Amino acid sequence: MGKNKEETAVQSTLPRENRRSFAKDLKRDWQLYLLLIVPIALVIVFNYASYPGLRMVFYDYKPARGWDGSKFVGLKIIQKVFHDRKFLGSLSTTLVFNLLDLALGFPMPIILALMLNELRVHWFKKVSQTVLYLPHFLSWVIVGSVAYAMFRPNTGLVNMILVNAGWIDSGIPFLTEKWHWAVTYLLIYVWQTMGWGTIIYLAAITSINGELYEAAMIDGANRWQRMTNITLPGIRGTVVTMLIMNLGKIMGSNYERLDSLQNTQVRDFSYQLAIYIYEKGLQGAKFSEATVVGLFQSVIGLIMVIIADRIAKKLGEEGLL
Amino acid sequence: MKNKRLFAVLLTGVMAAGILAGCGSSSDSGSSAKDTSAAATQEATEAATEAATEAAAEAETESADTGEAGMASWKPFAENVELKVPVYDRGVEGVPDVTNNYWTKWVQSNFGDKYNITVTYVPITRSDVMSDYAMLAASDSLPTILSEFDYPKLAQWATDGYLTTFDMDEFKEVAPTFYKAMEDNDLVKYSALDGDTYFCLAQNPYYETNYNWEVFYRKDWLEKIGYDEYPTKWEDRKAMYQKLKDEGICDYPLGGQMCTGLGADQNYAFRDYPQDEETWAVYGNYTIPALGSEWNRRFLQRENEKYSLGFVDPEYYTIDTETAKANFVSGKTLEFGGYISANMDFISAFYENNPDGELAVLVSNDTVDDDGSVPFAFRSNNPFGVMSGFSSQATEDEIKAAWMYMEWLLQDDNLFTMQWGEEGENFNYDDNGLPVSVADYDGDKKQGYSNNKDYWNLVMNIRTAGTIEDVIRQNTPSDVPNAEELTQGVIDNFYAQEKLAEEGYSVKDCLYATSIEAESEYQETLINDYKEFRDKIIMAAPSDFDATYDELSKNFADDGWQEVVDERTAAYENGQTTKLD
Amino acid sequence: MSKKEKEIESVSDGSRAITKVHVSDVVIMVVISVLCLTCILPFLHLFAKSISSNAMVMAKKVFFWPKQVTFDAYTSIFRDGTMVYSMVYSAIMTVVFTLLGMIACTCAAYPLSKKRLHGRYVFSFILMFPMYFSAGLIPTYLLYKNLHMLDTVWVLILPLIYSPYNMLIMKTYFQANLPDSLEESAKLDGASDFQILFRIALPLSKPIIATLSLFYAVGRWNSYADNKYYIQSDALKMIQYRLSQMVSSATEAQTTTLSEAAAVTSTPEVLQAAAIMFVTIPIICIYPFLQKYFVKGAMVGAVKG
């Protein structure tokens, strides 16, 4: 897409010729433009049309009263949000958990892909790949219910087994004590994403030149050496791209994930931005506050993506934009 | 059969204090001048009610409404009016679509069509009431009636402009039966907020007792260690728990459960009776636990003692309700409390897993312990069931239609049919002429959750037919080994609680006629604080108890509790609270 | 992939280095097996629960093998019908959504894959920007309200059928797999852009169509938050939301308001397990058969996307 940017730049320096050729292009490519109308209409109606609603951040918007009945208050709501202890708390929790997600969830597919790549029993590889993809196809509702069925302190399967085996006396509060919950919450994410994540790395590994391995084996390199000296450098580009893409999501907050795994005992940690927006905005009917937080999330997210894109391009990878 | 039906209808009326059978002859002395005509009509027709009811009973369809009190003046609307009624959507399996089923159609043909009203139902997610209403408000599609059990929620809707005020006299004209029921149950005083009328309230018979929530204990264990009954006083109880432990019957007799927030940790047993009104008004409400009060100190001190003596599981704070239930079922704990119903899973499961075990109901009594505490004092329910307000987005006609709907629903025949269904399908009469629901009915006329409760709760909180003993019999399991004894236990407990209530040990919540801003601001924070703090206090070494309690009470006060206390005190001083009886 | 794999395998089979390190093979297989078990055992457990008796489940006696086998829970799900209805409804919604989604995606990806398209950069920007910047829940909600889409099936379909992410993948695929020469020769034969798209481009893009269809379908099938926000009517709620309501009604028993004080019954654990299995089994049955397509397609798209 970078090349494309240059093209546009060149064209725009020649306005007159540009215009003339556009009419010609339109005539030539009218069918393509016709196709484009569909998606453009969709984004205008369903995305761009929602942006004017963002002016809500300057109003004290009351759902039952509408725009006319709500007061314009300038920056008051924005100031209020940034002084709200709960917002600041949920913001830092979100950031910490997203970083931990990255630290734990990012390397796992790579490791798993390397291991799968080493499997030589063909049917075993096939079957295990299929099985590992399963969690990706499950909704958070199902993942959440399954997690509770596994980890409830007393009736959860894991605790039932551990207690029956006599290893522990009473159940471990995997989901009902905040520190345990944090670990469980993070590991469930790893579990859910690891299998699916391997696809892209396995693809990258496949595209490494097979002759490199042959040469290495002739030189007597063992499996570990081949992995660190050929495979890993071979997928470096993919790893960097994926890492950058993930960095762009650092302000994200998935409501469904939190909703299906949270409970009253772990609110210190489960109270993240998505929950804040939901509880404050919808349950507490404070629409303006929720919009401020949503906007803040979007703006930071956008900045992160732009930074990530720049870094990627600096490192010689293909950018995101 | 028709006599049985009539009998049942009349018995239902007894509970709906102030309707046909109950107060047919009482005069309307308290009514205002404006109301006289309606009231007169009502009285005139009430005389003929016996006959009318019989006629209604005779007819197969429920179309004998015409001529009933208050409704006589109604005329069909000239133009069709849409009435939007909220109904809880509880997401439970096995109930018909809440917005479209036999009973919603029944309402339409028996009420809506007659007055040119289209009744539609708006589903409200039970676990997410506030956000559903906020969404509806934002999309200008609030239901005509907004209803909830919790006073603070209604207060918030009133302040946020969802609700409109109305003139109680006008309401009285359209819905005299409903108004009279409110008056007879002394509910009118709850209808205003900051001096404006916003709400009307459903009746809640037997609200002063907690007969539908019982504690079940292991009678066989007590017998094994030589006890005939469950001791009342703390010293005796302590000895008993210790004996259970010493004889190796169970490790943690009381099991314990994590604190789940709202309504947890009720300190009623440890209050000073008779209560001081101001203290009650400021600290007595259950919506936020009153950490820092003397009452709560005594309560937590007792919990601390139980913990340090090893009567509760040292990791009680990880045990949720389901787990506690499982522990009881598998014979690890002495007692477990739950709501009664005809089909109680934990009781049947208990007997399947412990064929030799025997359960009994813990029956209250009015003992006063040596330290002055009243072990069985308890929180009474609100005197009303659901509170309803009316949408600020609705037209006058729509609100009138809403009032008509509520009035119509409260008429005996209509209410009876909504609650019990169709004879021969949803219910049958027993030998005493009382209706008995067909538990596994599964035809077209299948009722919604809990016998259509989410429809008729706008006017009445529980389903009653016959005396309270009949009600209890219908709501206790009959297919467990000692069903008779258990039922008797529940009945005994009802009378014991009734006695406690008479002696002033059944405590109502204080309600504020103004919105306590600090409550909505800090409630959530404080409840979460409380859960954390009370566990620390309970697990503190007994010698550190007071210091821990004082320190954490201070943190609690700083996190907003002090503001709640100040606002409540101001409300009390301005006379904007309900009073102790 | 498989070809290259075989090459490596055949090489390694003949090599001394590999036959020596048998231990590492075993270790890797064990680790992978354990990970696979974490994906299988939970469902085995839930399945065992769903066909056991309530008493056995409450007494915590059911692990991986059902006790006192009964199919009551499933019978009641089928007899009740609402779950079955939601399932069928959700399936139809998913199919319609996927179909419309692919149309919208193709309409955007195909023109943008043509370098000659005038204004390509502007259009790309317009079409990509919403992916990085959304107005958030509440402005979106008010927009849908103004469009009169709340509580209709369209709110679950239309706003999401155009996905910038999927478009990007498809565009990349077109660029990589449709050589310009192919188009040029078609043009020389007098074919229009439409004809090229339908007769040449799409038939050559089966793997990516299969993959993106799967992405669309899984996305629609699994998400439920939009049901929660925008849908009131029971009849329009999709199966995942139904399930989430059912599951949360179980925890509701603990947090329900004191004032209600009614007999709060939660869905029994067995019924819950059966409901979870009911919703999961179709997925377990379908996705392995699509694996060939999605792996191929995901690789093609993802490496560049």
# chains A, B, ... in the order shown; residues from 1 in each chain; ligands from 1
>>> interface_residues(of="chain C", to="chain A", cutoff="7 Å", atoms="only C-alpha atoms", output="mmCIF file with C-alpha atoms, in the first residue's frame")
data_model
loop_
_atom_site.group_PDB
_atom_site.id
_atom_site.type_symbol
_atom_site.label_atom_id
_atom_site.label_comp_id
_atom_site.auth_asym_id
_atom_site.auth_seq_id
_atom_site.Cartn_x
_atom_site.Cartn_y
_atom_site.Cartn_z
ATOM 1 C CA MET C 1 2.548 -27.422 2.947
ATOM 2 C CA ILE C 8 11.674 -32.618 5.292
ATOM 3 C CA ALA C 17 20.716 -36.959 13.990
ATOM 4 C CA ILE C 28 6.767 -32.967 22.517
ATOM 5 C CA CYS C 36 -5.245 -31.454 23.624
ATOM 6 C CA CYS C 39 -9.584 -29.043 25.106
ATOM 7 C CA PRO C 42 -14.048 -30.287 29.909
ATOM 8 C CA LYS C 60 -20.258 -34.504 43.085
ATOM 9 C CA PHE C 63 -16.499 -37.025 36.570
ATOM 10 C CA ALA C 104 -20.012 -6.647 0.788
ATOM 11 C CA CYS C 107 -17.536 -5.447 -3.532
ATOM 12 C CA ALA C 108 -14.841 -3.644 -1.557
ATOM 13 C CA PRO C 111 -11.964 -2.861 -6.870
ATOM 14 C CA HIS C 118 -8.287 6.042 -9.538
ATOM 15 C CA TYR C 121 -5.984 5.386 -1.609
ATOM 16 C CA LEU C 127 -13.110 1.875 4.182
ATOM 17 C CA PRO C 130 -13.761 2.574 11.014
ATOM 18 C CA TYR C 132 -9.365 1.778 13.970
ATOM 19 C CA PHE C 133 -11.787 4.309 15.309
ATOM 20 C CA SER C 134 -15.239 3.559 16.614
ATOM 21 C CA ALA C 135 -17.587 6.013 18.247
ATOM 22 C CA GLY C 136 -18.308 3.609 21.067
ATOM 23 C CA ILE C 138 -23.682 4.747 23.129
ATOM 24 C CA PRO C 139 -23.410 6.935 20.020
ATOM 25 C CA THR C 140 -23.761 3.725 18.027
ATOM 26 C CA LEU C 143 -27.561 5.896 15.632
ATOM 27 C CA PRO C 159 -23.810 -3.023 10.655
ATOM 28 C CA TYR C 162 -18.782 -5.063 5.940
ATOM 29 C CA ASP C 193 -15.068 -6.070 -15.096
ATOM 30 C CA PHE C 194 -18.176 -7.845 -13.864
ATOM 31 C CA VAL C 218 -18.048 -17.929 13.464
ATOM 32 C CA ASN C 222 -20.429 -16.542 18.701
ATOM 33 C CA SER C 223 -21.023 -12.921 19.602
ATOM 34 C CA ALA C 225 -23.155 -8.592 23.268
ATOM 35 C CA GLN C 240 -25.509 -17.645 22.482
ATOM 36 C CA SER C 244 -25.741 -16.499 28.532
ATOM 37 C CA ILE C 276 -24.073 -25.977 26.857
ATOM 38 C CA PRO C 288 -13.179 -30.270 11.600
ATOM 39 C CA VAL C 295 -6.117 -23.460 7.305
ATOM 40 C CA MET C 299 -2.422 -18.861 5.789
ATOM 41 C CA ALA C 302 -2.843 -13.894 7.379
ATOM 42 C CA VAL C 303 0.759 -13.987 6.276
#
>>> interface_residues(of="chain B", to="chain C", cutoff="7 Å", atoms="only C-alpha atoms", output="mmCIF file with C-alpha atoms, in the first residue's frame")
data_model
loop_
_atom_site.group_PDB
_atom_site.id
_atom_site.type_symbol
_atom_site.label_atom_id
_atom_site.label_comp_id
_atom_site.auth_asym_id
_atom_site.auth_seq_id
_atom_site.Cartn_x
_atom_site.Cartn_y
_atom_site.Cartn_z
ATOM 1 C CA ARG B 90 -35.409 -14.521 33.329
ATOM 2 C CA GLY B 91 -33.718 -16.669 30.768
ATOM 3 C CA VAL B 92 -34.883 -19.849 32.479
ATOM 4 C CA GLY B 94 -39.025 -24.279 30.074
ATOM 5 C CA ASP B 97 -42.112 -16.701 25.298
ATOM 6 C CA PRO B 123 -39.206 -8.062 28.124
ATOM 7 C CA SER B 127 -30.383 -9.806 35.859
ATOM 8 C CA SER B 139 -34.706 4.948 22.351
ATOM 9 C CA PHE B 149 -39.051 -4.390 43.650
ATOM 10 C CA ASP B 150 -36.400 -2.000 44.876
ATOM 11 C CA THR B 260 -22.477 -12.023 48.312
ATOM 12 C CA LEU B 262 -26.716 -7.029 48.995
ATOM 13 C CA GLY B 263 -28.594 -8.133 52.057
ATOM 14 C CA THR B 321 -24.104 -20.966 47.356
ATOM 15 C CA ALA B 326 -23.329 -29.466 47.634
ATOM 16 C CA VAL B 329 -26.212 -32.551 50.321
ATOM 17 C CA SER B 330 -23.116 -34.678 50.674
ATOM 18 C CA TYR B 339 -36.409 -20.804 49.632
ATOM 19 C CA ILE B 340 -39.173 -23.344 49.879
ATOM 20 C CA SER B 341 -41.051 -24.673 46.889
ATOM 21 C CA ALA B 349 -30.800 -34.804 46.624
ATOM 22 C CA GLU B 352 -30.936 -39.688 47.889
ATOM 23 C CA ASN B 381 -40.130 -7.758 53.690
ATOM 24 C CA ASN B 382 -41.422 -4.496 52.382
#
>>> interface_residues(of="chain B", to="chain A", cutoff="6 Å", atoms="only C-alpha atoms", output="MDAnalysis selection string")
chainID B and resid 130:131 134 137:138 162 318 323
>>> write_last_selection(atoms="C-alpha atoms", output="short mmCIF file (atom, residue, chain, number, x, y, z; two decimals), in the first residue's frame")
data_model
loop_
_atom_site.label_atom_id
_atom_site.label_comp_id
_atom_site.auth_asym_id
_atom_site.auth_seq_id
_atom_site.Cartn_x
_atom_site.Cartn_y
_atom_site.Cartn_z
CA MET B 130 -31.28 -0.99 35.05
CA SER B 131 -29.49 -1.11 31.72
CA ALA B 134 -31.77 2.94 30.29
CA ALA B 137 -35.39 5.37 27.74
CA ALA B 138 -32.72 6.35 25.24
CA TYR B 162 -38.09 8.40 33.25
CA THR B 318 -14.41 -19.25 48.76
CA THR B 323 -20.91 -25.28 46.82
#
>>> atom_distance(atom1="CA of Ala215 in chain A", atom2="CA of Leu232 in chain A")
16.3 Å
>>> closest_residue(among="A:Ile110, A:Val240, A:Gln262, A:Gly105", to="Tyr189 in chain A", atoms="only C-alpha atoms")
A:Gly105
>>> residues_around(residues="range 174-191 of chain C", least_positions_apart="2", cutoff="10 Å", atoms="only C-alpha atoms", output="ChimeraX atom specification")
/C:106,109-115,168-172,193-197,199-202,204-205,208,300-301,304
>>> residues_around(residues="Gly560 in chain B", least_positions_apart="5", cutoff="9 Å", atoms="only C-alpha atoms", output="MDAnalysis selection string")
chainID B and resid 518:519 521:523 525:526 565
>>> closest_residue(among="B:Tyr230, B:Phe77, B:Tyr121, B:Trp561", to="Ala401 in chain B", atoms="only C-alpha atoms")
B:Phe77
>>> residues_around(residues="range 58-60 of chain A", least_positions_apart="4", cutoff="6 Å", atoms="only C-alpha atoms", output="PyMOL selection string")
chain A and resi 70-75
>>> write_last_selection(atoms="N, CA and C atoms", output="PDB file, in the first residue's frame")
ATOM      1  N   SER A  70     -31.155  17.838  27.287  1.00  0.00           N
ATOM      2  CA  SER A  70     -29.902  17.678  28.016  1.00  0.00           C
ATOM      3  C   SER A  70     -29.076  18.957  27.946  1.00  0.00           C
ATOM      4  N   LYS A  71     -28.354  19.179  29.027  1.00  0.00           N
ATOM      5  CA  LYS A  71     -27.606  20.438  29.132  1.00  0.00           C
ATOM      6  C   LYS A  71     -26.234  20.336  28.497  1.00  0.00           C
ATOM      7  N   PHE A  72     -25.817  21.436  27.816  1.00  0.00           N
ATOM      8  CA  PHE A  72     -24.446  21.532  27.331  1.00  0.00           C
ATOM      9  C   PHE A  72     -23.568  21.936  28.512  1.00  0.00           C
ATOM     10  N   VAL A  73     -22.537  21.163  28.812  1.00  0.00           N
ATOM     11  CA  VAL A  73     -21.752  21.474  30.002  1.00  0.00           C
ATOM     12  C   VAL A  73     -20.275  21.669  29.715  1.00  0.00           C
ATOM     13  N   GLY A  74     -19.911  21.756  28.437  1.00  0.00           N
ATOM     14  CA  GLY A  74     -18.502  21.972  28.107  1.00  0.00           C
ATOM     15  C   GLY A  74     -17.643  20.787  28.509  1.00  0.00           C
ATOM     16  N   LEU A  75     -16.560  21.081  29.192  1.00  0.00           N
ATOM     17  CA  LEU A  75     -15.600  20.027  29.520  1.00  0.00           C
ATOM     18  C   LEU A  75     -15.876  19.360  30.865  1.00  0.00           C
TER      19      LEU A  75
END
>>> atom_distance(atom1="CA of Val279 in chain C", atom2="CA of Met344 in chain B")
27.5 Å
>>> select_by_dssp(residues="range 126-209 of chain B", states="strand (DSSP E)", output="compact mmCIF listing (two decimals) with N, CA and C atoms, in the first residue's frame")
# COMPACT_ATOMS: atom_id res chain seq x y z
N ILE B 145 -45.66 1.29 31.84
CA ILE B 145 -45.48 1.06 33.28
C ILE B 145 -44.01 0.69 33.51
N LEU B 146 -43.39 1.28 34.53
CA LEU B 146 -42.04 0.88 34.91
C LEU B 146 -42.13 0.26 36.30
N SER B 147 -41.67 -0.95 36.44
CA SER B 147 -41.88 -1.57 37.75
C SER B 147 -40.64 -2.29 38.24
N GLU B 148 -40.48 -2.30 39.53
CA GLU B 148 -39.32 -2.95 40.17
C GLU B 148 -39.64 -3.21 41.64
N LEU B 163 -39.83 8.85 34.87
CA LEU B 163 -41.18 8.72 35.39
C LEU B 163 -41.91 10.06 35.37
N THR B 164 -43.21 9.97 35.23
CA THR B 164 -44.01 11.16 35.31
C THR B 164 -44.74 11.16 36.65
N ALA B 192 -45.08 8.76 47.22
CA ALA B 192 -44.52 10.05 46.82
C ALA B 192 -43.02 10.11 47.03
N LEU B 193 -42.37 10.92 46.21
CA LEU B 193 -40.94 11.18 46.36
C LEU B 193 -40.79 12.70 46.34
N ASP B 196 -43.91 14.69 45.44
CA ASP B 196 -44.67 14.43 44.22
C ASP B 196 -45.08 12.97 44.16
N THR B 197 -46.29 12.73 43.66
CA THR B 197 -46.77 11.36 43.56
C THR B 197 -46.19 10.69 42.31
N CYS B 200 -47.37 3.61 42.39
CA CYS B 200 -48.42 2.85 43.06
C CYS B 200 -47.87 1.47 43.36
N LEU B 201 -48.41 0.85 44.39
CA LEU B 201 -47.71 -0.29 44.97
C LEU B 201 -48.59 -1.53 45.06
N ALA B 202 -47.99 -2.67 44.76
CA ALA B 202 -48.72 -3.94 44.82
C ALA B 202 -48.75 -4.45 46.25
N GLN B 203 -49.76 -5.27 46.53
CA GLN B 203 -49.87 -5.81 47.88
C GLN B 203 -48.86 -6.92 48.12
>>> select_by_dssp(residues="range 33-68 of chain C", states="alpha helix (DSSP H)", output="PyMOL selection string")
chain C and resi 33-50+54-58
>>> residues_around(residues="Ser213 in chain C", least_positions_apart="2", cutoff="12 Å", atoms="only C-alpha atoms", output="PyMOL selection string")
chain C and resi 94-106+161+163+166-167+170+206-211+215-221+290+293-294+297-298
>>> closest_residue(among="B:Gln488, B:Ala290, B:Pro205, B:Gly161", to="Ala465 in chain B", atoms="only C-alpha atoms")
B:Pro205
>>> decode(residues="range 85-109 of chain C", atoms="N, CA and C atoms", output="mmCIF file, in the first residue's frame")
data_model
loop_
_atom_site.group_PDB
_atom_site.id
_atom_site.type_symbol
_atom_site.label_atom_id
_atom_site.label_comp_id
_atom_site.auth_asym_id
_atom_site.auth_seq_id
_atom_site.Cartn_x
_atom_site.Cartn_y
_atom_site.Cartn_z
ATOM 1 N N TYR C 85 -35.718 -23.600 18.685
ATOM 2 C CA TYR C 85 -36.085 -22.463 17.830
ATOM 3 C C TYR C 85 -34.896 -21.524 17.662
ATOM 4 N N SER C 86 -34.266 -21.154 18.792
ATOM 5 C CA SER C 86 -33.129 -20.235 18.721
ATOM 6 C C SER C 86 -32.023 -20.797 17.859
ATOM 7 N N MET C 87 -31.844 -22.095 17.957
ATOM 8 C CA MET C 87 -30.776 -22.741 17.203
ATOM 9 C C MET C 87 -31.044 -22.582 15.706
ATOM 10 N N VAL C 88 -32.257 -22.908 15.300
ATOM 11 C CA VAL C 88 -32.600 -22.828 13.880
ATOM 12 C C VAL C 88 -32.520 -21.370 13.414
ATOM 13 N N TYR C 89 -33.077 -20.486 14.232
ATOM 14 C CA TYR C 89 -33.052 -19.064 13.908
ATOM 15 C C TYR C 89 -31.613 -18.566 13.768
ATOM 16 N N SER C 90 -30.772 -18.947 14.723
ATOM 17 C CA SER C 90 -29.381 -18.506 14.668
ATOM 18 C C SER C 90 -28.680 -19.047 13.438
ATOM 19 N N ALA C 91 -28.997 -20.278 13.081
ATOM 20 C CA ALA C 91 -28.366 -20.871 11.903
ATOM 21 C C ALA C 91 -28.761 -20.083 10.662
ATOM 22 N N ILE C 92 -30.048 -19.753 10.552
ATOM 23 C CA ILE C 92 -30.501 -18.991 9.379
ATOM 24 C C ILE C 92 -29.830 -17.619 9.356
ATOM 25 N N MET C 93 -29.827 -16.964 10.521
ATOM 26 C CA MET C 93 -29.185 -15.651 10.613
ATOM 27 C C MET C 93 -27.734 -15.738 10.162
ATOM 28 N N THR C 94 -27.052 -16.776 10.634
ATOM 29 C CA THR C 94 -25.637 -16.911 10.318
ATOM 30 C C THR C 94 -25.435 -17.065 8.818
ATOM 31 N N VAL C 95 -26.290 -17.862 8.201
ATOM 32 C CA VAL C 95 -26.142 -18.086 6.763
ATOM 33 C C VAL C 95 -26.402 -16.785 5.999
ATOM 34 N N VAL C 96 -27.480 -16.108 6.333
ATOM 35 C CA VAL C 96 -27.803 -14.855 5.640
ATOM 36 C C VAL C 96 -26.679 -13.842 5.836
ATOM 37 N N PHE C 97 -26.228 -13.747 7.084
ATOM 38 C CA PHE C 97 -25.166 -12.800 7.410
ATOM 39 C C PHE C 97 -23.911 -13.105 6.601
ATOM 40 N N THR C 98 -23.558 -14.377 6.549
ATOM 41 C CA THR C 98 -22.337 -14.762 5.848
ATOM 42 C C THR C 98 -22.437 -14.430 4.360
ATOM 43 N N LEU C 99 -23.607 -14.719 3.805
ATOM 44 C CA LEU C 99 -23.823 -14.450 2.389
ATOM 45 C C LEU C 99 -23.681 -12.959 2.092
ATOM 46 N N LEU C 100 -24.413 -12.148 2.850
ATOM 47 C CA LEU C 100 -24.344 -10.704 2.633
ATOM 48 C C LEU C 100 -22.942 -10.189 2.916
ATOM 49 N N GLY C 101 -22.315 -10.752 3.932
ATOM 50 C CA GLY C 101 -20.966 -10.336 4.298
ATOM 51 C C GLY C 101 -19.991 -10.575 3.160
ATOM 52 N N MET C 102 -20.093 -11.734 2.536
ATOM 53 C CA MET C 102 -19.181 -12.042 1.429
ATOM 54 C C MET C 102 -19.420 -11.098 0.265
ATOM 55 N N ILE C 103 -20.691 -10.767 0.036
ATOM 56 C CA ILE C 103 -20.982 -9.835 -1.071
ATOM 57 C C ILE C 103 -20.335 -8.474 -0.776
ATOM 58 N N ALA C 104 -20.558 -7.968 0.435
ATOM 59 C CA ALA C 104 -20.012 -6.647 0.788
ATOM 60 C C ALA C 104 -18.490 -6.674 0.717
ATOM 61 N N CYS C 105 -17.926 -7.755 1.185
ATOM 62 C CA CYS C 105 -16.478 -7.879 1.238
ATOM 63 C C CYS C 105 -15.894 -7.891 -0.175
ATOM 64 N N THR C 106 -16.519 -8.669 -1.037
ATOM 65 C CA THR C 106 -16.029 -8.747 -2.413
ATOM 66 C C THR C 106 -16.165 -7.399 -3.117
ATOM 67 N N CYS C 107 -17.297 -6.744 -2.897
ATOM 68 C CA CYS C 107 -17.536 -5.447 -3.532
ATOM 69 C C CYS C 107 -16.432 -4.450 -3.162
ATOM 70 N N ALA C 108 -15.888 -4.568 -1.974
ATOM 71 C CA ALA C 108 -14.841 -3.644 -1.557
ATOM 72 C C ALA C 108 -13.476 -4.150 -1.991
ATOM 73 N N ALA C 109 -13.234 -5.440 -1.797
ATOM 74 C CA ALA C 109 -11.884 -5.962 -2.005
ATOM 75 C C ALA C 109 -11.492 -5.989 -3.471
#
